[in-house]
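Trainee: Contents of final_36.cif (mmCIF, N, CA and C atoms) are given next:
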```
data_run
loop_
_atom_site.label_atom_id
_atom_site.label_comp_id
_atom_site.auth_asym_id
_atom_site.auth_seq_id
_atom_site.Cartn_x
_atom_site.Cartn_y
_atom_site.Cartn_z
N VAL A 168 29.98 -23.05 -46.47
CA VAL A 168 31.39 -22.77 -46.28
C VAL A 168 31.65 -22.67 -44.78
N THR A 169 32.70 -23.33 -44.33
CA THR A 169 33.10 -23.24 -42.93
C THR A 169 34.53 -22.71 -42.88
N GLU A 170 34.72 -21.64 -42.13
CA GLU A 170 36.05 -21.07 -41.94
C GLU A 170 36.58 -21.53 -40.59
N LEU A 171 37.85 -21.94 -40.56
CA LEU A 171 38.49 -22.39 -39.33
C LEU A 171 39.84 -21.70 -39.18
N TRP A 172 40.20 -21.38 -37.93
CA TRP A 172 41.49 -20.75 -37.62
C TRP A 172 42.08 -21.43 -36.39
N LEU A 173 43.40 -21.50 -36.37
CA LEU A 173 44.16 -21.95 -35.21
C LEU A 173 45.18 -20.86 -34.92
N LYS A 174 45.19 -20.35 -33.69
CA LYS A 174 46.10 -19.27 -33.34
C LYS A 174 46.70 -19.50 -31.96
N PRO A 175 48.03 -19.39 -31.84
CA PRO A 175 48.59 -19.29 -30.49
C PRO A 175 48.33 -17.86 -30.00
N ASN A 176 48.20 -17.67 -28.71
CA ASN A 176 47.95 -16.31 -28.20
C ASN A 176 49.09 -15.35 -28.56
N TYR A 177 50.33 -15.86 -28.59
CA TYR A 177 51.48 -15.02 -28.88
C TYR A 177 52.41 -15.74 -29.85
N GLY A 178 53.28 -14.99 -30.51
CA GLY A 178 54.28 -15.56 -31.40
C GLY A 178 55.49 -16.05 -30.64
N SER A 179 55.67 -15.51 -29.41
CA SER A 179 56.77 -15.98 -28.57
C SER A 179 56.36 -15.87 -27.10
N TYR A 180 56.88 -16.78 -26.32
CA TYR A 180 56.59 -16.85 -24.89
C TYR A 180 57.90 -16.84 -24.12
N GLU A 181 57.86 -16.35 -22.90
CA GLU A 181 59.02 -16.38 -22.01
C GLU A 181 59.18 -17.81 -21.47
N PRO A 182 60.42 -18.26 -21.22
CA PRO A 182 60.61 -19.58 -20.62
C PRO A 182 59.80 -19.69 -19.32
N GLY A 183 59.12 -20.80 -19.16
CA GLY A 183 58.28 -21.02 -17.98
C GLY A 183 56.82 -20.67 -18.20
N GLU A 184 56.51 -19.91 -19.25
CA GLU A 184 55.11 -19.60 -19.54
C GLU A 184 54.44 -20.80 -20.20
N ARG A 185 53.13 -20.75 -20.28
CA ARG A 185 52.36 -21.81 -20.93
C ARG A 185 51.61 -21.22 -22.12
N ALA A 186 51.63 -21.96 -23.21
CA ALA A 186 50.95 -21.50 -24.43
C ALA A 186 49.44 -21.66 -24.29
N ILE A 187 48.71 -20.78 -24.94
CA ILE A 187 47.26 -20.86 -25.04
C ILE A 187 46.91 -20.78 -26.52
N PHE A 188 46.05 -21.68 -26.96
CA PHE A 188 45.65 -21.73 -28.35
C PHE A 188 44.18 -21.33 -28.49
N MET A 189 43.88 -20.67 -29.58
CA MET A 189 42.51 -20.29 -29.87
C MET A 189 42.08 -21.03 -31.13
N LEU A 190 41.00 -21.78 -31.03
CA LEU A 190 40.35 -22.37 -32.19
C LEU A 190 39.15 -21.49 -32.49
N GLN A 191 39.04 -21.06 -33.72
CA GLN A 191 37.91 -20.22 -34.12
C GLN A 191 37.26 -20.85 -35.33
N GLY A 192 35.95 -20.78 -35.40
CA GLY A 192 35.23 -21.34 -36.53
C GLY A 192 33.92 -20.62 -36.75
N GLN A 193 33.48 -20.63 -38.00
CA GLN A 193 32.21 -20.01 -38.34
C GLN A 193 31.70 -20.61 -39.65
N ARG A 194 30.42 -20.97 -39.66
CA ARG A 194 29.78 -21.45 -40.89
C ARG A 194 29.17 -20.25 -41.58
N ILE A 195 29.55 -20.04 -42.81
CA ILE A 195 29.03 -18.92 -43.60
C ILE A 195 27.94 -19.48 -44.50
N GLN A 196 26.76 -18.86 -44.45
CA GLN A 196 25.65 -19.33 -45.29
C GLN A 196 25.10 -18.18 -46.11
N GLU A 197 24.31 -18.54 -47.08
CA GLU A 197 23.70 -17.53 -47.94
C GLU A 197 22.75 -16.66 -47.14
N ALA A 198 22.72 -15.37 -47.46
CA ALA A 198 21.87 -14.43 -46.73
C ALA A 198 20.39 -14.74 -46.89
N ARG A 199 20.00 -15.36 -47.99
CA ARG A 199 18.57 -15.61 -48.22
C ARG A 199 18.04 -16.80 -47.43
N LYS A 200 18.93 -17.60 -46.85
CA LYS A 200 18.47 -18.74 -46.06
C LYS A 200 18.07 -18.27 -44.66
N PRO A 201 17.02 -18.87 -44.10
CA PRO A 201 16.65 -18.50 -42.73
C PRO A 201 17.78 -18.82 -41.75
N HIS A 202 17.91 -18.00 -40.73
CA HIS A 202 19.00 -18.16 -39.75
C HIS A 202 18.92 -19.47 -39.00
N ASN A 203 17.75 -20.00 -38.79
CA ASN A 203 17.62 -21.23 -38.00
C ASN A 203 17.79 -22.48 -38.84
N GLN A 204 18.03 -22.33 -40.15
CA GLN A 204 18.14 -23.49 -41.01
C GLN A 204 19.48 -24.22 -40.84
N ALA A 205 20.53 -23.50 -40.55
CA ALA A 205 21.85 -24.12 -40.41
C ALA A 205 22.15 -24.38 -38.94
N GLU A 206 22.00 -25.63 -38.54
CA GLU A 206 22.32 -26.01 -37.17
C GLU A 206 23.84 -26.12 -37.04
N PRO A 207 24.38 -25.85 -35.84
CA PRO A 207 25.82 -26.02 -35.66
C PRO A 207 26.26 -27.46 -35.92
N ALA A 208 27.44 -27.61 -36.47
CA ALA A 208 28.02 -28.93 -36.72
C ALA A 208 29.17 -29.13 -35.74
N GLU A 209 29.23 -30.29 -35.11
CA GLU A 209 30.28 -30.55 -34.13
C GLU A 209 31.51 -31.11 -34.81
N TRP A 210 32.53 -30.28 -34.90
CA TRP A 210 33.82 -30.67 -35.46
C TRP A 210 34.66 -31.24 -34.33
N THR A 211 35.59 -32.13 -34.65
CA THR A 211 36.56 -32.65 -33.70
C THR A 211 37.92 -32.07 -34.06
N PHE A 212 38.58 -31.47 -33.08
CA PHE A 212 39.88 -30.85 -33.28
C PHE A 212 40.92 -31.66 -32.49
N LYS A 213 41.88 -32.23 -33.21
CA LYS A 213 42.96 -33.00 -32.59
C LYS A 213 44.23 -32.17 -32.69
N LEU A 214 44.65 -31.62 -31.55
CA LEU A 214 45.84 -30.77 -31.50
C LEU A 214 47.03 -31.57 -30.99
N ARG A 215 48.20 -31.25 -31.55
CA ARG A 215 49.44 -31.77 -31.00
C ARG A 215 50.48 -30.68 -31.08
N VAL A 216 51.29 -30.59 -30.02
CA VAL A 216 52.35 -29.60 -29.95
C VAL A 216 53.67 -30.34 -30.00
N LEU A 217 54.56 -29.85 -30.86
CA LEU A 217 55.86 -30.47 -31.06
C LEU A 217 56.95 -29.44 -30.81
N ARG A 218 58.02 -29.86 -30.16
CA ARG A 218 59.15 -28.99 -29.91
C ARG A 218 60.28 -29.40 -30.84
N SER A 219 60.87 -28.42 -31.51
CA SER A 219 61.97 -28.69 -32.42
C SER A 219 63.18 -29.19 -31.64
N ASN A 220 63.83 -30.21 -32.16
CA ASN A 220 65.04 -30.73 -31.51
C ASN A 220 66.20 -29.76 -31.65
N GLU A 221 66.16 -28.92 -32.70
CA GLU A 221 67.17 -27.87 -32.91
C GLU A 221 66.43 -26.62 -33.34
N SER A 222 66.88 -25.48 -32.88
CA SER A 222 66.21 -24.23 -33.23
C SER A 222 66.98 -23.41 -34.25
N ALA A 223 68.01 -23.99 -34.84
CA ALA A 223 68.78 -23.30 -35.88
C ALA A 223 68.95 -24.24 -37.06
N VAL A 224 68.81 -23.70 -38.26
CA VAL A 224 69.01 -24.49 -39.46
C VAL A 224 69.91 -23.72 -40.41
N ALA A 225 70.62 -24.44 -41.26
CA ALA A 225 71.54 -23.80 -42.19
C ALA A 225 70.79 -23.10 -43.32
N ASN A 226 69.73 -23.72 -43.82
CA ASN A 226 68.96 -23.16 -44.92
C ASN A 226 67.49 -23.09 -44.53
N SER A 227 66.84 -22.01 -44.95
CA SER A 227 65.41 -21.89 -44.71
C SER A 227 64.68 -22.80 -45.70
N ASN A 228 64.05 -23.84 -45.19
CA ASN A 228 63.32 -24.79 -46.02
C ASN A 228 62.11 -25.27 -45.25
N PRO A 229 61.04 -24.47 -45.23
CA PRO A 229 59.88 -24.86 -44.43
C PRO A 229 59.19 -26.09 -45.01
N VAL A 230 59.13 -27.13 -44.22
CA VAL A 230 58.41 -28.33 -44.57
C VAL A 230 57.49 -28.66 -43.41
N PHE A 231 56.42 -29.38 -43.71
CA PHE A 231 55.46 -29.70 -42.67
C PHE A 231 55.52 -31.18 -42.34
N GLU A 232 56.75 -31.64 -42.11
CA GLU A 232 56.97 -33.01 -41.70
C GLU A 232 57.60 -32.96 -40.32
N TYR A 233 56.96 -33.61 -39.37
CA TYR A 233 57.39 -33.51 -37.99
C TYR A 233 57.94 -34.85 -37.51
N GLY A 234 58.91 -35.39 -38.23
CA GLY A 234 59.51 -36.66 -37.86
C GLY A 234 60.28 -36.56 -36.56
N SER A 235 60.47 -37.69 -35.90
CA SER A 235 61.14 -37.70 -34.60
C SER A 235 62.61 -37.28 -34.69
N ASP A 236 63.19 -37.27 -35.90
CA ASP A 236 64.56 -36.79 -36.06
C ASP A 236 64.64 -35.27 -35.93
N ARG A 237 63.51 -34.58 -36.14
CA ARG A 237 63.50 -33.12 -36.10
C ARG A 237 62.65 -32.55 -34.96
N PHE A 238 61.59 -33.25 -34.55
CA PHE A 238 60.65 -32.74 -33.54
C PHE A 238 60.32 -33.81 -32.52
N THR A 239 59.97 -33.35 -31.32
CA THR A 239 59.50 -34.24 -30.25
C THR A 239 58.11 -33.78 -29.85
N GLU A 240 57.15 -34.69 -29.91
CA GLU A 240 55.78 -34.35 -29.48
C GLU A 240 55.77 -34.21 -27.97
N ILE A 241 55.27 -33.07 -27.47
CA ILE A 241 55.26 -32.84 -26.02
C ILE A 241 53.86 -32.85 -25.42
N TRP A 242 52.83 -32.71 -26.26
CA TRP A 242 51.46 -32.65 -25.72
C TRP A 242 50.47 -32.84 -26.85
N LYS A 243 49.34 -33.46 -26.53
CA LYS A 243 48.24 -33.55 -27.49
C LYS A 243 46.92 -33.58 -26.75
N THR A 244 45.88 -33.16 -27.45
CA THR A 244 44.55 -33.14 -26.88
C THR A 244 43.54 -33.24 -28.01
N GLU A 245 42.32 -33.55 -27.65
CA GLU A 245 41.22 -33.61 -28.62
C GLU A 245 40.04 -32.85 -28.04
N GLN A 246 39.44 -31.98 -28.85
CA GLN A 246 38.34 -31.13 -28.39
C GLN A 246 37.21 -31.16 -29.41
N PRO A 247 35.98 -31.48 -28.99
CA PRO A 247 34.85 -31.27 -29.89
C PRO A 247 34.39 -29.81 -29.77
N VAL A 248 34.08 -29.19 -30.89
CA VAL A 248 33.62 -27.80 -30.89
C VAL A 248 32.47 -27.68 -31.89
N ALA A 249 31.34 -27.16 -31.42
CA ALA A 249 30.20 -26.94 -32.30
C ALA A 249 30.42 -25.64 -33.08
N ILE A 250 30.44 -25.74 -34.41
CA ILE A 250 30.67 -24.60 -35.28
C ILE A 250 29.36 -24.27 -35.97
N GLY A 251 28.88 -23.04 -35.74
CA GLY A 251 27.61 -22.60 -36.32
C GLY A 251 27.75 -21.27 -37.02
N ARG A 252 26.63 -20.61 -37.20
CA ARG A 252 26.56 -19.35 -37.93
C ARG A 252 27.33 -18.22 -37.23
N GLU A 253 27.28 -18.21 -35.92
CA GLU A 253 27.99 -17.19 -35.14
C GLU A 253 29.44 -17.63 -34.94
N LEU A 254 30.34 -16.67 -34.84
CA LEU A 254 31.75 -16.97 -34.62
C LEU A 254 31.91 -17.71 -33.29
N THR A 255 32.56 -18.87 -33.34
CA THR A 255 32.82 -19.68 -32.16
C THR A 255 34.31 -19.57 -31.83
N ILE A 256 34.63 -19.32 -30.57
CA ILE A 256 36.02 -19.24 -30.13
C ILE A 256 36.19 -20.21 -28.96
N GLN A 257 37.10 -21.15 -29.12
CA GLN A 257 37.42 -22.12 -28.06
C GLN A 257 38.85 -21.89 -27.62
N ARG A 258 39.05 -21.61 -26.36
CA ARG A 258 40.37 -21.35 -25.79
C ARG A 258 40.90 -22.65 -25.21
N ILE A 259 42.14 -23.03 -25.59
CA ILE A 259 42.72 -24.29 -25.12
C ILE A 259 44.10 -24.00 -24.51
N PRO A 260 44.20 -24.00 -23.18
CA PRO A 260 45.51 -23.80 -22.54
C PRO A 260 46.31 -25.10 -22.55
N MET A 261 47.60 -24.98 -22.81
CA MET A 261 48.50 -26.13 -22.76
C MET A 261 49.04 -26.25 -21.33
N PRO A 262 48.93 -27.40 -20.69
CA PRO A 262 49.33 -27.52 -19.29
C PRO A 262 50.82 -27.72 -19.06
N ILE A 263 51.65 -27.49 -20.07
CA ILE A 263 53.09 -27.73 -19.96
C ILE A 263 53.82 -26.40 -20.11
N THR A 264 54.78 -26.15 -19.23
CA THR A 264 55.57 -24.92 -19.34
C THR A 264 56.57 -25.04 -20.48
N LEU A 265 56.85 -23.90 -21.09
CA LEU A 265 57.71 -23.87 -22.27
C LEU A 265 59.16 -23.61 -21.90
N ALA A 266 60.04 -24.22 -22.67
CA ALA A 266 61.47 -23.94 -22.58
C ALA A 266 61.85 -23.15 -23.83
N ALA A 267 63.07 -22.66 -23.88
CA ALA A 267 63.53 -21.93 -25.06
C ALA A 267 63.54 -22.88 -26.26
N GLY A 268 63.12 -22.36 -27.41
CA GLY A 268 63.14 -23.16 -28.63
C GLY A 268 61.94 -22.90 -29.50
N TYR A 269 61.91 -23.57 -30.65
CA TYR A 269 60.83 -23.43 -31.61
C TYR A 269 59.81 -24.54 -31.40
N TYR A 270 58.53 -24.19 -31.50
CA TYR A 270 57.42 -25.13 -31.34
C TYR A 270 56.51 -25.06 -32.55
N ALA A 271 55.91 -26.18 -32.89
CA ALA A 271 54.89 -26.24 -33.93
C ALA A 271 53.63 -26.82 -33.30
N VAL A 272 52.49 -26.25 -33.67
CA VAL A 272 51.21 -26.82 -33.25
C VAL A 272 50.47 -27.20 -34.53
N GLU A 273 50.00 -28.43 -34.55
CA GLU A 273 49.29 -28.94 -35.70
C GLU A 273 47.91 -29.41 -35.23
N CYS A 274 46.91 -29.10 -36.01
CA CYS A 274 45.54 -29.45 -35.65
C CYS A 274 44.86 -30.13 -36.82
N GLU A 275 44.35 -31.33 -36.59
CA GLU A 275 43.52 -31.99 -37.58
C GLU A 275 42.07 -31.73 -37.19
N ALA A 276 41.34 -31.05 -38.06
CA ALA A 276 39.92 -30.75 -37.83
C ALA A 276 39.09 -31.69 -38.68
N VAL A 277 38.12 -32.37 -38.05
CA VAL A 277 37.29 -33.34 -38.75
C VAL A 277 35.82 -32.96 -38.55
N SER A 278 35.11 -32.82 -39.67
CA SER A 278 33.69 -32.46 -39.62
C SER A 278 32.84 -33.72 -39.41
N PRO A 279 31.56 -33.54 -39.06
CA PRO A 279 30.68 -34.71 -38.91
C PRO A 279 30.54 -35.51 -40.21
N SER A 280 30.72 -34.85 -41.37
CA SER A 280 30.60 -35.55 -42.65
C SER A 280 31.90 -36.23 -43.07
N GLY A 281 32.99 -36.06 -42.28
CA GLY A 281 34.25 -36.70 -42.58
C GLY A 281 35.28 -35.82 -43.26
N GLU A 282 34.91 -34.56 -43.55
CA GLU A 282 35.88 -33.64 -44.15
C GLU A 282 37.04 -33.44 -43.17
N ARG A 283 38.27 -33.42 -43.69
CA ARG A 283 39.45 -33.24 -42.84
C ARG A 283 40.24 -32.03 -43.32
N ARG A 284 40.67 -31.21 -42.35
CA ARG A 284 41.53 -30.08 -42.65
C ARG A 284 42.69 -30.10 -41.67
N ILE A 285 43.85 -29.65 -42.13
CA ILE A 285 45.03 -29.55 -41.27
C ILE A 285 45.35 -28.07 -41.11
N LEU A 286 45.44 -27.62 -39.85
CA LEU A 286 45.79 -26.25 -39.51
C LEU A 286 47.13 -26.29 -38.79
N ARG A 287 48.03 -25.36 -39.13
CA ARG A 287 49.37 -25.35 -38.51
C ARG A 287 49.75 -23.94 -38.12
N GLN A 288 50.50 -23.84 -37.04
CA GLN A 288 51.09 -22.58 -36.60
C GLN A 288 52.41 -22.91 -35.91
N GLY A 289 53.24 -21.90 -35.77
CA GLY A 289 54.48 -22.05 -35.03
C GLY A 289 54.64 -20.92 -34.04
N PHE A 290 55.45 -21.13 -33.02
CA PHE A 290 55.73 -20.10 -32.03
C PHE A 290 57.06 -20.42 -31.36
N TRP A 291 57.56 -19.44 -30.63
CA TRP A 291 58.85 -19.57 -29.95
C TRP A 291 58.69 -19.54 -28.44
N GLY A 292 59.53 -20.29 -27.78
CA GLY A 292 59.69 -20.19 -26.34
C GLY A 292 60.98 -19.47 -26.06
#
```
Take the structure from the file and write it as C-alpha cells.
Mentor:
Amino acid sequence: VTELWLKPNYGSYEPGERAIFMLQGQRIQEARKPHNQAEPAEWTFKLRVLRSNESAVANSNPVFEYGSDRFTEIWKTEQPVAIGRELTIQRIPMPITLAAGYYAVECEAVSPSGERRILRQGFWG
C-alpha cells in the first residue's frame, strides 16, 4: 500500500505571495517483512496549477474539469520522488506570484509499474 498526499502550505495566500506545495508519500508494508525488503519506488509527480477565470458561481457544483472556459493553466512541473517505508516529504515552490482569485492544483502521480493516481487541492489568492 502506498499513501500519497498533495497539500498547499496554506488555504489562502496574500496577493503577491507564492504558493508552496508539499508532496508526501509512504509505502506501508506488513510488520513481519524485513525492513530492507521494500526498496523505495520512484514515482513521477506531474503538477499543474490553474487559476479560475471567475471566482464566483451562482450554484455550488464542484466538478473536476478544468476546461479553458473556466480555468487558465498558469504553471506546471514534473518531479520524480522516491517513495519508501519512511515518510517522504518533497517541497515544491511555485515561482509565480499569486493574484486574487481561486486556484486549483492537480497532480498526476505515476508509479514505476504504471499505476496512476490523481490528487487535487484548491486554494485562494
Trainee: Would you mind listing what lies within 6.5 Å of Lys174 in chain A as a PyMOL selection string, with all atoms listed in the file counted and same-chain residues fewer than 5 positions away left out?
Mentor: chain A and resi 187-191
Trainee: For those residues, write N, CA and C atoms to a file as a JSON list (two decimals), in the coordinates of the input.
Mentor:
```
[["chain", "number", "residue", "atom", "x", "y", "z"],
["A", 187, "ILE", "N", 48.71, -20.78, -24.94],
["A", 187, "ILE", "CA", 47.26, -20.86, -25.04],
["A", 187, "ILE", "C", 46.91, -20.78, -26.52],
["A", 188, "PHE", "N", 46.05, -21.68, -26.96],
["A", 188, "PHE", "CA", 45.65, -21.73, -28.35],
["A", 188, "PHE", "C", 44.18, -21.33, -28.49],
["A", 189, "MET", "N", 43.88, -20.67, -29.58],
["A", 189, "MET", "CA", 42.51, -20.29, -29.87],
["A", 189, "MET", "C", 42.08, -21.03, -31.13],
["A", 190, "LEU", "N", 41.00, -21.78, -31.03],
["A", 190, "LEU", "CA", 40.35, -22.37, -32.19],
["A", 190, "LEU", "C", 39.15, -21.49, -32.49],
["A", 191, "GLN", "N", 39.04, -21.06, -33.72],
["A", 191, "GLN", "CA", 37.91, -20.22, -34.12],
["A", 191, "GLN", "C", 37.26, -20.85, -35.33]]
```
Trainee: Between atom N of Thr239 in chain A and atom N of Val272 in chain A, what distance in Å does the model show, to one decimal?
Mentor: 10.6 Å
Trainee: Run the PyMOL selection byres ((chain A and resi 182) around 7) mentally over the shown coordinates, then write out the matched residues as a compact mmCIF listing (two decimals) with N, CA and C atoms, in the coordinates of the input, using the chain letters and numbers from the document.
Mentor:
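File part-v7.txt, as written:
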```
# COMPACT_ATOMS: atom_id res chain seq x y z
N TYR A 180 56.88 -16.78 -26.32
CA TYR A 180 56.59 -16.85 -24.89
C TYR A 180 57.90 -16.84 -24.12
N GLU A 181 57.86 -16.35 -22.90
CA GLU A 181 59.02 -16.38 -22.01
C GLU A 181 59.18 -17.81 -21.47
N GLY A 183 59.12 -20.80 -19.16
CA GLY A 183 58.28 -21.02 -17.98
C GLY A 183 56.82 -20.67 -18.20
N GLU A 184 56.51 -19.91 -19.25
CA GLU A 184 55.11 -19.60 -19.54
C GLU A 184 54.44 -20.80 -20.20
N ARG A 185 53.13 -20.75 -20.28
CA ARG A 185 52.36 -21.81 -20.93
C ARG A 185 51.61 -21.22 -22.12
N THR A 264 54.78 -26.15 -19.23
CA THR A 264 55.57 -24.92 -19.34
C THR A 264 56.57 -25.04 -20.48
N LEU A 265 56.85 -23.90 -21.09
CA LEU A 265 57.71 -23.87 -22.27
C LEU A 265 59.16 -23.61 -21.90
N ALA A 266 60.04 -24.22 -22.67
CA ALA A 266 61.47 -23.94 -22.58
C ALA A 266 61.85 -23.15 -23.83
N ALA A 267 63.07 -22.66 -23.88
CA ALA A 267 63.53 -21.93 -25.06
C ALA A 267 63.54 -22.88 -26.26
N GLY A 292 59.53 -20.29 -27.78
CA GLY A 292 59.69 -20.19 -26.34
C GLY A 292 60.98 -19.47 -26.06
```
Trainee: Where does DSSP see strand (DSSP E or B) in chain A, if you list the residues as an MDAnalysis selection string?
Mentor: chainID A and resid 169:175 179 185:194 208:219 238:250 255:264 269:277 283:291
Trainee: Calculated over only C-alpha atoms, which of the candidates A:Thr211, A:Gln288, A:Ser278, A:Gln257 has the smallest distance to Glu245 in chain A?
Mentor: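 With only C-alpha atoms as the atom set, the closest residue is A:Thr211.
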Trainee: What does the distance from atom N of Ser235 in chain A to CA of Gly268 in chain A come to in Å, to one decimal?
Mentor: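 CA of Gly268 in chain A lies at a distance of 16.5 Å from atom N of Ser235 in chain A.
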Trainee: Name the closest residue to Glu209 in chain A among the candidates A:Gly289, A:Gly281, A:Pro260, A:Pro247; distances are taken between atoms, counting all atoms listed in the file.
Mentor: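 Smallest separation from Glu209 in chain A among the options: A:Pro247.
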Trainee: So what do you get for atom N of Gly234 in chain A versus atom N of Ser280 in chain A, distance-wise?
Mentor: 28.4 Å
Trainee: Considering all atoms listed in the file, can you say which of A:Lys243, A:Arg218, A:Arg194, A:Arg284 comes closest to Tyr269 in chain A?
Mentor: A:Arg218
Trainee: Return the padded bounding box of range 247-256 of chain A as AutoDock Vina command-line options: axis-aligned, built from all atoms listed in the file, 4 Å added on each side, with centre and edge lengths in Å to one decimal.
Mentor:
```
--center_x 31.4 --center_y -24.1 --center_z -33.4 --size_x 17.6 --size_y 22.8 --size_z 17.0
```
Trainee: Here's a test: counting only C-alpha atoms, identify every protein, DNA and RNA residue with an atom at most 10 Å from (39.5, -25.8, -39.6) in the file's coordinate frame, and state them as a VMD selection string.
Mentor: chain A and resid 169 to 173 190 to 193 210 to 212 250 274 to 278 282 to 287
Trainee: Please dump the current selection as an mmCIF file, in the frame of the given file; keep N, CA and C atoms.
Mentor:
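Written file, again18.cif:
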```cif
data_model
loop_
_atom_site.group_PDB
_atom_site.id
_atom_site.type_symbol
_atom_site.label_atom_id
_atom_site.label_comp_id
_atom_site.auth_asym_id
_atom_site.auth_seq_id
_atom_site.Cartn_x
_atom_site.Cartn_y
_atom_site.Cartn_z
ATOM 1 N N THR A 169 32.700 -23.330 -44.330
ATOM 2 C CA THR A 169 33.100 -23.240 -42.930
ATOM 3 C C THR A 169 34.530 -22.710 -42.880
ATOM 4 N N GLU A 170 34.720 -21.640 -42.130
ATOM 5 C CA GLU A 170 36.050 -21.070 -41.940
ATOM 6 C C GLU A 170 36.580 -21.530 -40.590
ATOM 7 N N LEU A 171 37.850 -21.940 -40.560
ATOM 8 C CA LEU A 171 38.490 -22.390 -39.330
ATOM 9 C C LEU A 171 39.840 -21.700 -39.180
ATOM 10 N N TRP A 172 40.200 -21.380 -37.930
ATOM 11 C CA TRP A 172 41.490 -20.750 -37.620
ATOM 12 C C TRP A 172 42.080 -21.430 -36.390
ATOM 13 N N LEU A 173 43.400 -21.500 -36.370
ATOM 14 C CA LEU A 173 44.160 -21.950 -35.210
ATOM 15 C C LEU A 173 45.180 -20.860 -34.920
ATOM 16 N N LEU A 190 41.000 -21.780 -31.030
ATOM 17 C CA LEU A 190 40.350 -22.370 -32.190
ATOM 18 C C LEU A 190 39.150 -21.490 -32.490
ATOM 19 N N GLN A 191 39.040 -21.060 -33.720
ATOM 20 C CA GLN A 191 37.910 -20.220 -34.120
ATOM 21 C C GLN A 191 37.260 -20.850 -35.330
ATOM 22 N N GLY A 192 35.950 -20.780 -35.400
ATOM 23 C CA GLY A 192 35.230 -21.340 -36.530
ATOM 24 C C GLY A 192 33.920 -20.620 -36.750
ATOM 25 N N GLN A 193 33.480 -20.630 -38.000
ATOM 26 C CA GLN A 193 32.210 -20.010 -38.340
ATOM 27 C C GLN A 193 31.700 -20.610 -39.650
ATOM 28 N N TRP A 210 32.530 -30.280 -34.900
ATOM 29 C CA TRP A 210 33.820 -30.670 -35.460
ATOM 30 C C TRP A 210 34.660 -31.240 -34.330
ATOM 31 N N THR A 211 35.590 -32.130 -34.650
ATOM 32 C CA THR A 211 36.560 -32.650 -33.700
ATOM 33 C C THR A 211 37.920 -32.070 -34.060
ATOM 34 N N PHE A 212 38.580 -31.470 -33.080
ATOM 35 C CA PHE A 212 39.880 -30.850 -33.280
ATOM 36 C C PHE A 212 40.920 -31.660 -32.490
ATOM 37 N N ILE A 250 30.440 -25.740 -34.410
ATOM 38 C CA ILE A 250 30.670 -24.600 -35.280
ATOM 39 C C ILE A 250 29.360 -24.270 -35.970
ATOM 40 N N CYS A 274 46.910 -29.100 -36.010
ATOM 41 C CA CYS A 274 45.540 -29.450 -35.650
ATOM 42 C C CYS A 274 44.860 -30.130 -36.820
ATOM 43 N N GLU A 275 44.350 -31.330 -36.590
ATOM 44 C CA GLU A 275 43.520 -31.990 -37.580
ATOM 45 C C GLU A 275 42.070 -31.730 -37.190
ATOM 46 N N ALA A 276 41.340 -31.050 -38.060
ATOM 47 C CA ALA A 276 39.920 -30.750 -37.830
ATOM 48 C C ALA A 276 39.090 -31.690 -38.680
ATOM 49 N N VAL A 277 38.120 -32.370 -38.050
ATOM 50 C CA VAL A 277 37.290 -33.340 -38.750
ATOM 51 C C VAL A 277 35.820 -32.960 -38.550
ATOM 52 N N SER A 278 35.110 -32.820 -39.670
ATOM 53 C CA SER A 278 33.690 -32.460 -39.620
ATOM 54 C C SER A 278 32.840 -33.720 -39.410
ATOM 55 N N GLU A 282 34.910 -34.560 -43.550
ATOM 56 C CA GLU A 282 35.880 -33.640 -44.150
ATOM 57 C C GLU A 282 37.040 -33.440 -43.170
ATOM 58 N N ARG A 283 38.270 -33.420 -43.690
ATOM 59 C CA ARG A 283 39.450 -33.240 -42.840
ATOM 60 C C ARG A 283 40.240 -32.030 -43.320
ATOM 61 N N ARG A 284 40.670 -31.210 -42.350
ATOM 62 C CA ARG A 284 41.530 -30.080 -42.650
ATOM 63 C C ARG A 284 42.690 -30.100 -41.670
ATOM 64 N N ILE A 285 43.850 -29.650 -42.130
ATOM 65 C CA ILE A 285 45.030 -29.550 -41.270
ATOM 66 C C ILE A 285 45.350 -28.070 -41.110
ATOM 67 N N LEU A 286 45.440 -27.620 -39.850
ATOM 68 C CA LEU A 286 45.790 -26.250 -39.510
ATOM 69 C C LEU A 286 47.130 -26.290 -38.790
ATOM 70 N N ARG A 287 48.030 -25.360 -39.130
ATOM 71 C CA ARG A 287 49.370 -25.350 -38.510
ATOM 72 C C ARG A 287 49.750 -23.940 -38.120
#
```
Trainee: Between A:Ala186, A:Pro175, A:Ile195, A:Leu214, which is the closest to Ile259 in chain A once you count all atoms listed in the file?
Mentor: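 Closest to Ile259 in chain A, using all atoms listed in the file: A:Ala186.
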Trainee: List the neighbours of Ala208 in chain A out to 6.5 Å using all atoms listed in the file; skip same-chain residues closer than 6 positions along the sequence, and give me the result as a PDB file with N, CA and C atoms, in the frame of the given file.
Mentor:
```
ATOM      1  N   VAL A 248      34.080 -29.190 -30.890  1.00  0.00           N
ATOM      2  CA  VAL A 248      33.620 -27.800 -30.890  1.00  0.00           C
ATOM      3  C   VAL A 248      32.470 -27.680 -31.890  1.00  0.00           C
ATOM      4  N   ALA A 249      31.340 -27.160 -31.420  1.00  0.00           N
ATOM      5  CA  ALA A 249      30.200 -26.940 -32.300  1.00  0.00           C
ATOM      6  C   ALA A 249      30.420 -25.640 -33.080  1.00  0.00           C
ATOM      7  N   ILE A 250      30.440 -25.740 -34.410  1.00  0.00           N
ATOM      8  CA  ILE A 250      30.670 -24.600 -35.280  1.00  0.00           C
ATOM      9  C   ILE A 250      29.360 -24.270 -35.970  1.00  0.00           C
ATOM     10  N   GLY A 251      28.880 -23.040 -35.740  1.00  0.00           N
ATOM     11  CA  GLY A 251      27.610 -22.600 -36.320  1.00  0.00           C
ATOM     12  C   GLY A 251      27.750 -21.270 -37.020  1.00  0.00           C
ATOM     13  N   PRO A 279      31.560 -33.540 -39.060  1.00  0.00           N
ATOM     14  CA  PRO A 279      30.680 -34.710 -38.910  1.00  0.00           C
ATOM     15  C   PRO A 279      30.540 -35.510 -40.210  1.00  0.00           C
TER      16      PRO A 279
END
```
